[in-house]
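Report on the following structure.
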Amino acid sequence: MKINLFINNEDVTTEHYDEVRDPGRLREIVGYIAKGDASHIDQAVQAAHRAFRSWRQTSLEERTSILLKSAEEIERIASSIANTTAKENGILFSRTIDEIKLGLIDLRNIADLAPSALQKRIIEDESGWVSVVKRPMGVVACIVPWNAPIILTLQKITPILLAGNTIVVKPSPTASMGVVTLLTTMAKFFPPGVINVVLGGGEVGSALTSHPLVRKISFTGGGNTAVAIMKSAAETLKGVHFELGGNDPAIVLDDADLNEVVPKIVEGAFRRTGQFCFAIKRVYIPSDMYDEFYEKACILTDSYKIGHQLNEEATMGPINNQLQYQRISELIERLEHSGANLVKLGKVLEPENWNNGYYLQPVIVRDVDPNAEIVTCEQFGPVLPLIPYHTEEEVIHMANNSEFGLGSSIWSSDFDRALGVANQIEAGMTFINGHGQTHLGSKYIPFGGIKQSGIGREKSIEVFDEFIEYHGINYHK
Ligand code: NAD
């Protein structure tokens, strides 16, 4: 499979193509992706800029109808997109199919919210009238990571397009193929130039974020990249919208039923091999429930079956890329050298394949110092530290003692008590007795974080404010 750039609704070939290897079977090449450069970025941004002139004149109804038609087509080819994406990014096929379904739910939810989000205001009195119109901004740069590339692309581009903007998307080099199929399929329903895709690494991303005709940057990824983007955006005073990393705490209160809670917490930590921004990354447990929690968590973690992402028996796939694999392996090695109390669990499904992919066993670390590296960093892998605590005041302080502030969760059988704690947590999102959004939450919770977890929100009605400009007209009678 050979994947090209996509500019002005046309495939664009390049001089260089990079091979993409299956992170679960490193000997297998999944395909080849075109490597763009600054000149391709310029072509794509110019195409999006030209398309903006007429796209902005279309009605919201027209834009919504085009988007929903494209969503139907994505539904039709979901299985093929999931297959390609799972092969290149290592996330289980079953998870990737769910990711596409959830992405399409998000798309339709956002489309439902658009009419009220984008409506204009008219205010009149005896002196005259005022109208406040929400206008699109122009070309928006959309940069997405590898860990959940389909849902993150869908939730990012939907409000941007509905508001009347045009886009240039740059996916991650280790998750480009599925995203290109998604976007080129959708683009065929849109006028040429509304959706463009350029492929490549950081240098291509940087050419995009510094292009003078790009009016806004919407980025999902790591904090260091966000800093580089903010610096390049400063040159032309662009606005930035950032969805960044997290270090989500789960706080178990002493009235929680561990039989119910532990399976959900383990799943909230190890889903997608721990590679999602709002994975549970540290668990705080009352000291007198600690041993019971630990025993239960180990039994459940040991039931994971680690194997290739297309193996239907596997419940945990590999790590996405070599850098990330090395980072987590070294983190675990440092823990082992420091004498930490850790266990590696799970069943290895294909031992003969173990060194032919970026596989790791899930790790539970007990009796951890609350300030240890494993607690304060974003592991972004299958490692879960358990921290004992004594008082509610102490645990709230520990949970908030982080530069991140994406998600968080409180686990209790007393809703009022849990809400009291939730109100004191420094995070963009707090879940009670779950870690992830419900159906309702997915539509109405502004998705995103505070502190170094991001700037701005996605998904809910608030997202539209990120991608519009206000235009006020005052008529004097
Ligand atoms: P990353 O920051 O390395 O890369 C993200 C994207 O930015 C890629 O497409 C990459 O090619 C591009 N990029 C790299 N350097 C660039 C530059 N100088 N200018 C412009 N673009 C550049 O992140 P990753 O490793 O792909 O993803 C993992 C990170 O993403 C984790 O920190 C995770 O928490 C975060 N994330 C956040 C959310 C959220 O919604 N908050 C969701 C998923 C992932």
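Residue numbers start at 1 in each chain; chains themselves are named A, B, ... in the order of the structure tokens; ligands are numbered from 1 in the order shown.
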- Identify, on the basis of only C-alpha atoms, every residue whose closest approach to Arg27 (chain A) does not exceed 8 Å; exclude the query and any residue fewer than 3 positions from it along the same chain; express the result as a PyMOL selection string. chain A and resi 21-22+356
Just the selected residues (N, CA and C atoms), exported as an mmCIF file, in the first residue's frame, please.
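Writing done, so here's again-v7.cif:
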data_model
loop_
_atom_site.group_PDB
_atom_site.id
_atom_site.type_symbol
_atom_site.label_atom_id
_atom_site.label_comp_id
_atom_site.auth_asym_id
_atom_site.auth_seq_id
_atom_site.Cartn_x
_atom_site.Cartn_y
_atom_site.Cartn_z
ATOM 1 N N ARG A 21 6.308 0.147 9.423
ATOM 2 C CA ARG A 21 6.365 -1.249 9.885
ATOM 3 C C ARG A 21 5.312 -1.509 10.950
ATOM 4 N N ASP A 22 4.845 -2.728 10.965
ATOM 5 C CA ASP A 22 3.870 -3.166 11.964
ATOM 6 C C ASP A 22 4.575 -3.237 13.330
ATOM 7 N N ASN A 356 9.833 -9.650 18.234
ATOM 8 C CA ASN A 356 9.554 -9.191 16.879
ATOM 9 C C ASN A 356 8.517 -8.066 16.913
#
Residues contacting ligand 1 - anything with an atom at most 7 Å away, using only C-alpha atoms and all ligand atoms - can you give me those as an mmCIF file with C-alpha atoms, in the first residue's frame?
data_model
loop_
_atom_site.group_PDB
_atom_site.id
_atom_site.type_symbol
_atom_site.label_atom_id
_atom_site.label_comp_id
_atom_site.auth_asym_id
_atom_site.auth_seq_id
_atom_site.Cartn_x
_atom_site.Cartn_y
_atom_site.Cartn_z
ATOM 1 C CA ILE A 143 -1.950 18.077 13.864
ATOM 2 C CA VAL A 144 -2.794 14.665 15.301
ATOM 3 C CA PRO A 145 -0.846 11.995 17.209
ATOM 4 C CA TRP A 146 -0.666 8.231 16.680
ATOM 5 C CA ASN A 147 -2.435 6.819 19.703
ATOM 6 C CA ALA A 148 -6.095 7.255 18.688
ATOM 7 C CA LEU A 152 -8.887 12.400 17.417
ATOM 8 C CA LYS A 170 -0.757 16.491 9.365
ATOM 9 C CA PRO A 171 -1.067 13.057 10.945
ATOM 10 C CA SER A 172 1.693 11.269 12.848
ATOM 11 C CA PRO A 173 4.268 9.292 10.793
ATOM 12 C CA GLY A 200 5.865 13.905 7.342
ATOM 13 C CA GLY A 201 7.459 14.454 10.733
ATOM 14 C CA GLY A 202 8.177 17.480 12.913
ATOM 15 C CA GLU A 203 9.801 19.558 10.144
ATOM 16 C CA VAL A 204 6.662 19.300 8.002
ATOM 17 C CA GLY A 205 4.513 20.103 11.051
ATOM 18 C CA SER A 206 6.682 23.106 11.746
ATOM 19 C CA THR A 209 2.405 25.914 11.965
ATOM 20 C CA THR A 220 -3.112 17.080 19.907
ATOM 21 C CA GLY A 221 0.133 15.588 21.162
ATOM 22 C CA GLY A 222 2.934 15.996 23.669
ATOM 23 C CA GLY A 223 3.882 19.042 25.754
ATOM 24 C CA ASN A 224 7.361 19.536 24.259
ATOM 25 C CA THR A 225 5.925 19.667 20.755
ATOM 26 C CA ALA A 226 3.293 22.129 21.969
ATOM 27 C CA ALA A 228 7.775 24.362 19.820
ATOM 28 C CA ILE A 229 4.442 25.035 18.085
ATOM 29 C CA GLU A 243 -4.915 18.856 23.709
ATOM 30 C CA LEU A 244 -1.849 17.551 25.543
ATOM 31 C CA GLY A 245 -0.656 14.876 27.925
ATOM 32 C CA GLY A 246 -2.024 13.914 31.305
ATOM 33 C CA PHE A 276 -4.227 7.226 25.832
ATOM 34 C CA CYS A 277 -4.091 10.717 27.202
ATOM 35 C CA PHE A 380 1.904 6.504 28.400
ATOM 36 C CA LEU A 406 -6.440 16.472 32.160
ATOM 37 C CA GLY A 448 -9.505 18.850 27.558
ATOM 38 C CA GLY A 449 -7.215 19.851 30.355
ATOM 39 C CA SER A 453 -2.560 19.401 29.756
ATOM 40 C CA GLY A 454 -3.845 21.890 27.248
#
Residue contacts of Arg76 (chain A) (12 Å, only C-alpha atoms) excluding same-chain residues fewer than 2 positions away, as a CSV table (one decimal) with N, CA and C atoms, in the first residue's frame:
chain,number,residue,atom,x,y,z
A,69,LYS,N,-23.1,13.1,5.1
A,69,LYS,CA,-23.0,12.1,4.0
A,69,LYS,C,-21.6,11.4,4.1
A,70,SER,N,-20.6,12.2,4.3
A,70,SER,CA,-19.3,11.6,4.3
A,70,SER,C,-19.1,10.7,5.5
A,71,ALA,N,-19.9,10.9,6.6
A,71,ALA,CA,-19.8,10.0,7.8
A,71,ALA,C,-20.4,8.7,7.4
A,72,GLU,N,-21.5,8.7,6.6
A,72,GLU,CA,-22.1,7.4,6.2
A,72,GLU,C,-21.1,6.6,5.4
A,73,GLU,N,-20.3,7.2,4.6
A,73,GLU,CA,-19.4,6.5,3.8
A,73,GLU,C,-18.3,5.9,4.7
A,74,ILE,N,-17.9,6.7,5.7
A,74,ILE,CA,-16.8,6.2,6.6
A,74,ILE,C,-17.4,4.9,7.4
A,78,ALA,N,-15.6,1.3,7.6
A,78,ALA,CA,-14.9,1.3,8.9
A,78,ALA,C,-14.0,0.2,9.1
A,79,SER,N,-14.4,-1.0,8.7
A,79,SER,CA,-13.6,-2.2,9.0
A,79,SER,C,-12.2,-2.1,8.3
A,80,SER,N,-12.2,-1.6,7.0
A,80,SER,CA,-11.0,-1.5,6.3
A,80,SER,C,-10.1,-0.4,6.9
A,81,ILE,N,-10.7,0.7,7.3
A,81,ILE,CA,-9.8,1.7,8.0
A,81,ILE,C,-9.3,1.2,9.3
A,82,ALA,N,-10.1,0.4,10.0
A,82,ALA,CA,-9.6,-0.1,11.3
A,82,ALA,C,-8.5,-1.1,11.1
A,97,ILE,N,-12.0,-0.4,15.8
A,97,ILE,CA,-13.4,-0.4,15.3
A,97,ILE,C,-14.2,0.5,16.3
A,100,ILE,N,-13.6,4.1,15.8
A,100,ILE,CA,-14.3,4.8,14.6
A,100,ILE,C,-15.8,5.0,14.9
A,101,LYS,N,-16.4,4.0,15.6
A,101,LYS,CA,-17.8,4.2,15.9
A,101,LYS,C,-18.0,5.4,16.9
A,104,LEU,N,-17.6,8.7,15.1
A,104,LEU,CA,-18.7,9.1,14.3
A,104,LEU,C,-19.9,9.6,15.2
A,182,LEU,N,-9.3,7.8,5.8
A,182,LEU,CA,-10.5,8.5,6.3
A,182,LEU,C,-10.7,9.9,5.7
A,185,THR,N,-11.5,9.9,1.8
A,185,THR,CA,-12.9,9.4,1.6
A,185,THR,C,-13.9,10.5,1.9
A,186,MET,N,-13.6,11.2,3.0
A,186,MET,CA,-14.5,12.3,3.4
A,186,MET,C,-14.4,13.4,2.4
For Ile473 (chain A): contacts at 12 Å, only C-alpha atoms, fewer than 3 positions along chain excluded, given as a PDB file with C-alpha atoms, in the first residue's frame:
ATOM      1  CA  LYS A 120     -25.807  35.103  15.492  1.00  0.00           C
ATOM      2  CA  ARG A 121     -27.122  37.548  18.078  1.00  0.00           C
ATOM      3  CA  ILE A 122     -29.189  40.618  17.252  1.00  0.00           C
ATOM      4  CA  ILE A 123     -29.912  43.225  19.915  1.00  0.00           C
ATOM      5  CA  GLU A 124     -32.021  46.332  19.252  1.00  0.00           C
ATOM      6  CA  GLY A 128     -30.030  51.312  16.768  1.00  0.00           C
ATOM      7  CA  TRP A 129     -29.142  47.655  16.592  1.00  0.00           C
ATOM      8  CA  VAL A 130     -26.169  45.399  17.056  1.00  0.00           C
ATOM      9  CA  SER A 131     -25.481  42.125  15.359  1.00  0.00           C
ATOM     10  CA  VAL A 132     -22.788  39.729  16.491  1.00  0.00           C
ATOM     11  CA  VAL A 133     -21.899  37.129  13.870  1.00  0.00           C
ATOM     12  CA  LYS A 134     -19.614  34.153  14.389  1.00  0.00           C
ATOM     13  CA  TYR A 470     -16.695  37.447  16.276  1.00  0.00           C
ATOM     14  CA  HIS A 476     -26.987  53.918  14.288  1.00  0.00           C
TER      15      HIS A 476
END
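The gap separating CA of Asn83 (chain A) from CA of Lys347 (chain A) is 23.9 Å, in Å to one decimal.
Nearest-residue note for Ile7 (chain A): choosing from A:Ala422, A:Ala163, A:Val45, A:Ala427, the minimum distance belongs to A:Val45, counting only C-alpha atoms.
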Please provide as an mmCIF file with C-alpha atoms, in the first residue's frame all residues within 9 Å of Thr184 (chain A), with the sequence filter that same-chain residues fewer than 3 positions apart are discarded (counting only C-alpha atoms).
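And here's selection12.cif as it stands now:
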data_model
loop_
_atom_site.group_PDB
_atom_site.id
_atom_site.type_symbol
_atom_site.label_atom_id
_atom_site.label_comp_id
_atom_site.auth_asym_id
_atom_site.auth_seq_id
_atom_site.Cartn_x
_atom_site.Cartn_y
_atom_site.Cartn_z
ATOM 1 C CA PHE A 6 -3.817 14.802 -0.731
ATOM 2 C CA ASN A 9 -8.795 16.705 -3.804
ATOM 3 C CA GLU A 10 -5.904 15.190 -5.757
ATOM 4 C CA ASP A 11 -3.307 12.598 -4.852
ATOM 5 C CA VAL A 179 -6.070 8.840 8.653
ATOM 6 C CA VAL A 180 -5.350 9.478 4.962
ATOM 7 C CA THR A 181 -7.977 6.901 3.943
ATOM 8 C CA ALA A 187 -12.963 14.923 1.096
ATOM 9 C CA LYS A 188 -14.705 13.521 -1.980
ATOM 10 C CA ILE A 195 -9.708 19.073 3.278
ATOM 11 C CA ASN A 196 -5.982 18.589 2.564
ATOM 12 C CA VAL A 197 -3.431 16.189 4.048
#
- Task: Using CA of Met137 (chain A) and CA of Ile151 (chain A) as the two end points, give the distance in Å to one decimal.
- Result: 23.3 Å
- Could you please determine the separation between CA of Pro446 (chain A) and CA of Arg417 (chain A) in Å, to one decimal place? 23.3 Å
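Nearest residue to Phe93 (chain A), choosing from A:Met429, A:Met316, A:Ala34, A:Leu154 and counting only C-alpha atoms: A:Met316.
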- Top pick for closest residue to Gly346 (chain A), considering A:Thr14, A:Ser408, A:Thr301, A:Asn247 and counting only C-alpha atoms: A:Thr301
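Non-sequential neighbours of region 360-362 of chain A (distance at most 8 Å, separation of 4 or more positions within a chain, only C-alpha atoms) are Phe270, Thr273, Thr301, Ile306, Pro318, Ile319, Ser329, Lys344, Leu345, Gly346, Val348, Pro382 and Val383 of chain A.
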- Counting only C-alpha atoms, closest pick from A:Glu313, A:Ala141, A:Arg272, A:Phe415 relative to Thr96 (chain A) is A:Arg272
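Among the candidate residues A:Gln57, A:Thr315, A:Gln452, A:Asn8, the one lying nearest to Phe242 (chain A) is A:Gln452, with distances computed using only C-alpha atoms.
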- Task: Check region 109-295 of chain A with DSSP on the backbone and list each residue it calls strand (DSSP E), as number ranges by chain.
- Result: A: 121-125, 128-136, 139-143, 166-170, 195-197, 214-220, 239-243, 248-252, 280-286
Can I get the selected residues back with C-alpha atoms, as a PDB file, in the first residue's frame?
ATOM      1  CA  ARG A 121     -27.122  37.548  18.078  1.00  0.00           C
ATOM      2  CA  ILE A 122     -29.189  40.618  17.252  1.00  0.00           C
ATOM      3  CA  ILE A 123     -29.912  43.225  19.915  1.00  0.00           C
ATOM      4  CA  GLU A 124     -32.021  46.332  19.252  1.00  0.00           C
ATOM      5  CA  ASP A 125     -33.039  49.463  21.137  1.00  0.00           C
ATOM      6  CA  GLY A 128     -30.030  51.312  16.768  1.00  0.00           C
ATOM      7  CA  TRP A 129     -29.142  47.655  16.592  1.00  0.00           C
ATOM      8  CA  VAL A 130     -26.169  45.399  17.056  1.00  0.00           C
ATOM      9  CA  SER A 131     -25.481  42.125  15.359  1.00  0.00           C
ATOM     10  CA  VAL A 132     -22.788  39.729  16.491  1.00  0.00           C
ATOM     11  CA  VAL A 133     -21.899  37.129  13.870  1.00  0.00           C
ATOM     12  CA  LYS A 134     -19.614  34.153  14.389  1.00  0.00           C
ATOM     13  CA  ARG A 135     -17.371  33.936  11.343  1.00  0.00           C
ATOM     14  CA  PRO A 136     -14.899  31.253  10.355  1.00  0.00           C
ATOM     15  CA  VAL A 139      -7.201  27.835   7.149  1.00  0.00           C
ATOM     16  CA  VAL A 140      -6.777  25.750  10.303  1.00  0.00           C
ATOM     17  CA  ALA A 141      -3.745  23.478  10.787  1.00  0.00           C
ATOM     18  CA  CYS A 142      -4.752  20.177  12.399  1.00  0.00           C
ATOM     19  CA  ILE A 143      -1.950  18.077  13.864  1.00  0.00           C
ATOM     20  CA  THR A 166     -10.832  24.793   5.676  1.00  0.00           C
ATOM     21  CA  ILE A 167      -8.117  22.450   6.894  1.00  0.00           C
ATOM     22  CA  VAL A 168      -4.640  21.080   6.320  1.00  0.00           C
ATOM     23  CA  VAL A 169      -4.123  17.941   8.402  1.00  0.00           C
ATOM     24  CA  LYS A 170      -0.757  16.491   9.365  1.00  0.00           C
ATOM     25  CA  ILE A 195      -9.708  19.073   3.278  1.00  0.00           C
ATOM     26  CA  ASN A 196      -5.982  18.589   2.564  1.00  0.00           C
ATOM     27  CA  VAL A 197      -3.431  16.189   4.048  1.00  0.00           C
ATOM     28  CA  VAL A 214      -2.712  29.484   8.632  1.00  0.00           C
ATOM     29  CA  ARG A 215      -4.999  31.309  11.047  1.00  0.00           C
ATOM     30  CA  LYS A 216      -5.241  28.803  13.876  1.00  0.00           C
ATOM     31  CA  ILE A 217      -3.433  25.679  15.034  1.00  0.00           C
ATOM     32  CA  SER A 218      -5.301  22.782  16.573  1.00  0.00           C
ATOM     33  CA  PHE A 219      -2.784  20.325  17.984  1.00  0.00           C
ATOM     34  CA  THR A 220      -3.112  17.080  19.907  1.00  0.00           C
ATOM     35  CA  GLY A 239      -4.066  31.278  18.104  1.00  0.00           C
ATOM     36  CA  VAL A 240      -3.374  27.783  19.427  1.00  0.00           C
ATOM     37  CA  HIS A 241      -5.676  25.042  20.612  1.00  0.00           C
ATOM     38  CA  PHE A 242      -3.814  22.311  22.489  1.00  0.00           C
ATOM     39  CA  GLU A 243      -4.915  18.856  23.709  1.00  0.00           C
ATOM     40  CA  ASP A 248      -4.722  11.243  35.634  1.00  0.00           C
ATOM     41  CA  PRO A 249      -5.235  10.291  39.281  1.00  0.00           C
ATOM     42  CA  ALA A 250      -7.894   7.814  40.414  1.00  0.00           C
ATOM     43  CA  ILE A 251      -8.891   8.396  44.052  1.00  0.00           C
ATOM     44  CA  VAL A 252     -10.537   5.474  45.823  1.00  0.00           C
ATOM     45  CA  ILE A 280      -5.428   6.344  34.810  1.00  0.00           C
ATOM     46  CA  LYS A 281      -1.764   6.892  35.566  1.00  0.00           C
ATOM     47  CA  ARG A 282      -1.740   6.748  39.405  1.00  0.00           C
ATOM     48  CA  VAL A 283      -4.167   5.263  41.929  1.00  0.00           C
ATOM     49  CA  TYR A 284      -4.593   6.519  45.513  1.00  0.00           C
ATOM     50  CA  ILE A 285      -5.994   3.945  47.941  1.00  0.00           C
ATOM     51  CA  PRO A 286      -6.871   4.237  51.665  1.00  0.00           C
TER      52      PRO A 286
END
All alpha helix (DSSP H) residues (DSSP, backbone) inside region 284-376 of chain A, as a PDB file with C-alpha atoms, in the first residue's frame:
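Saved result, result-v3.pdb, follows:
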ATOM      1  CA  TYR A 290      -4.438  -1.136  50.140  1.00  0.00           C
ATOM      2  CA  ASP A 291      -3.535  -4.850  50.316  1.00  0.00           C
ATOM      3  CA  GLU A 292      -6.976  -5.957  49.164  1.00  0.00           C
ATOM      4  CA  PHE A 293      -6.870  -3.488  46.256  1.00  0.00           C
ATOM      5  CA  TYR A 294      -3.377  -4.661  45.311  1.00  0.00           C
ATOM      6  CA  GLU A 295      -4.325  -8.369  45.333  1.00  0.00           C
ATOM      7  CA  LYS A 296      -7.414  -7.776  43.202  1.00  0.00           C
ATOM      8  CA  ALA A 297      -5.553  -5.486  40.768  1.00  0.00           C
ATOM      9  CA  CYS A 298      -2.806  -8.105  40.287  1.00  0.00           C
ATOM     10  CA  ILE A 299      -5.289 -10.909  39.576  1.00  0.00           C
ATOM     11  CA  LEU A 300      -7.086  -8.784  36.965  1.00  0.00           C
ATOM     12  CA  THR A 301      -3.886  -7.500  35.380  1.00  0.00           C
ATOM     13  CA  ASP A 302      -2.574 -11.039  35.129  1.00  0.00           C
ATOM     14  CA  GLN A 322      10.579   2.316  19.232  1.00  0.00           C
ATOM     15  CA  LEU A 323      11.116   5.620  21.035  1.00  0.00           C
ATOM     16  CA  GLN A 324       8.102   5.093  23.256  1.00  0.00           C
ATOM     17  CA  TYR A 325       9.011   1.438  23.828  1.00  0.00           C
ATOM     18  CA  GLN A 326      12.512   2.447  24.929  1.00  0.00           C
ATOM     19  CA  ARG A 327      11.199   5.231  27.145  1.00  0.00           C
ATOM     20  CA  ILE A 328       8.844   2.906  29.047  1.00  0.00           C
ATOM     21  CA  SER A 329      11.370   0.040  29.178  1.00  0.00           C
ATOM     22  CA  GLU A 330      13.954   2.404  30.697  1.00  0.00           C
ATOM     23  CA  LEU A 331      11.402   3.722  33.167  1.00  0.00           C
ATOM     24  CA  ILE A 332      10.749   0.138  34.310  1.00  0.00           C
ATOM     25  CA  GLU A 333      14.504  -0.635  34.445  1.00  0.00           C
ATOM     26  CA  ARG A 334      15.116   2.435  36.626  1.00  0.00           C
ATOM     27  CA  LEU A 335      12.319   1.279  38.923  1.00  0.00           C
ATOM     28  CA  GLU A 336      13.860  -2.199  39.177  1.00  0.00           C
ATOM     29  CA  HIS A 337      17.303  -0.757  39.955  1.00  0.00           C
ATOM     30  CA  GLU A 373       9.180   9.614  38.830  1.00  0.00           C
ATOM     31  CA  ILE A 374       6.737   6.793  38.031  1.00  0.00           C
ATOM     32  CA  VAL A 375       3.972   8.745  39.802  1.00  0.00           C
ATOM     33  CA  THR A 376       4.704  12.218  38.477  1.00  0.00           C
TER      34      THR A 376
END
- Message: Neighbouring residues of His211 (chain A) were defined as those with any atom within 10 Å, considering only C-alpha atoms; residues of the same chain fewer than 5 positions away were excluded. Please report them as an MDAnalysis selection string.
- Response: chainID A and resid 38 41:42 45:46 141 206 232:233 235:236 238
Using N, CA and C atoms, can you export the residues from the last selection as a short mmCIF file (atom, residue, chain, number, x, y, z; two decimals), in the first residue's frame?
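Result went into out_11.cif, see below:
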data_model
loop_
_atom_site.label_atom_id
_atom_site.label_comp_id
_atom_site.auth_asym_id
_atom_site.auth_seq_id
_atom_site.Cartn_x
_atom_site.Cartn_y
_atom_site.Cartn_z
N ALA A 38 8.26 21.49 2.88
CA ALA A 38 7.66 22.81 3.04
C ALA A 38 6.91 23.25 1.77
N ILE A 41 3.52 21.79 1.91
CA ILE A 41 2.71 22.52 2.89
C ILE A 41 2.18 23.80 2.24
N ASP A 42 3.04 24.49 1.51
CA ASP A 42 2.60 25.74 0.88
C ASP A 42 1.47 25.46 -0.13
N VAL A 45 -1.72 24.68 1.88
CA VAL A 45 -2.30 25.85 2.56
C VAL A 45 -2.91 26.80 1.52
N GLN A 46 -2.22 26.96 0.36
CA GLN A 46 -2.77 27.83 -0.69
C GLN A 46 -4.11 27.26 -1.19
N ALA A 141 -4.70 24.59 10.81
CA ALA A 141 -3.74 23.48 10.79
C ALA A 141 -4.17 22.48 11.85
N SER A 206 6.20 21.77 11.44
CA SER A 206 6.68 23.11 11.75
C SER A 206 6.47 24.06 10.56
N SER A 232 6.55 28.84 17.26
CA SER A 232 6.46 29.14 15.83
C SER A 232 5.17 29.93 15.54
N ALA A 233 4.12 29.69 16.30
CA ALA A 233 2.86 30.42 16.10
C ALA A 233 3.02 31.89 16.49
N GLU A 235 5.33 33.94 15.84
CA GLU A 235 5.87 34.77 14.75
C GLU A 235 4.76 35.47 13.98
N THR A 236 3.62 34.79 13.80
CA THR A 236 2.53 35.40 13.04
C THR A 236 1.28 35.56 13.91
N LYS A 238 -0.60 33.59 15.69
CA LYS A 238 -1.74 32.68 15.51
C LYS A 238 -2.25 32.21 16.86
#
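Using only C-alpha atoms for every distance, the candidate list A:Glu426, A:Glu75, A:Glu28, A:Glu260 yields A:Glu426 as the residue closest to Asn401 (chain A).
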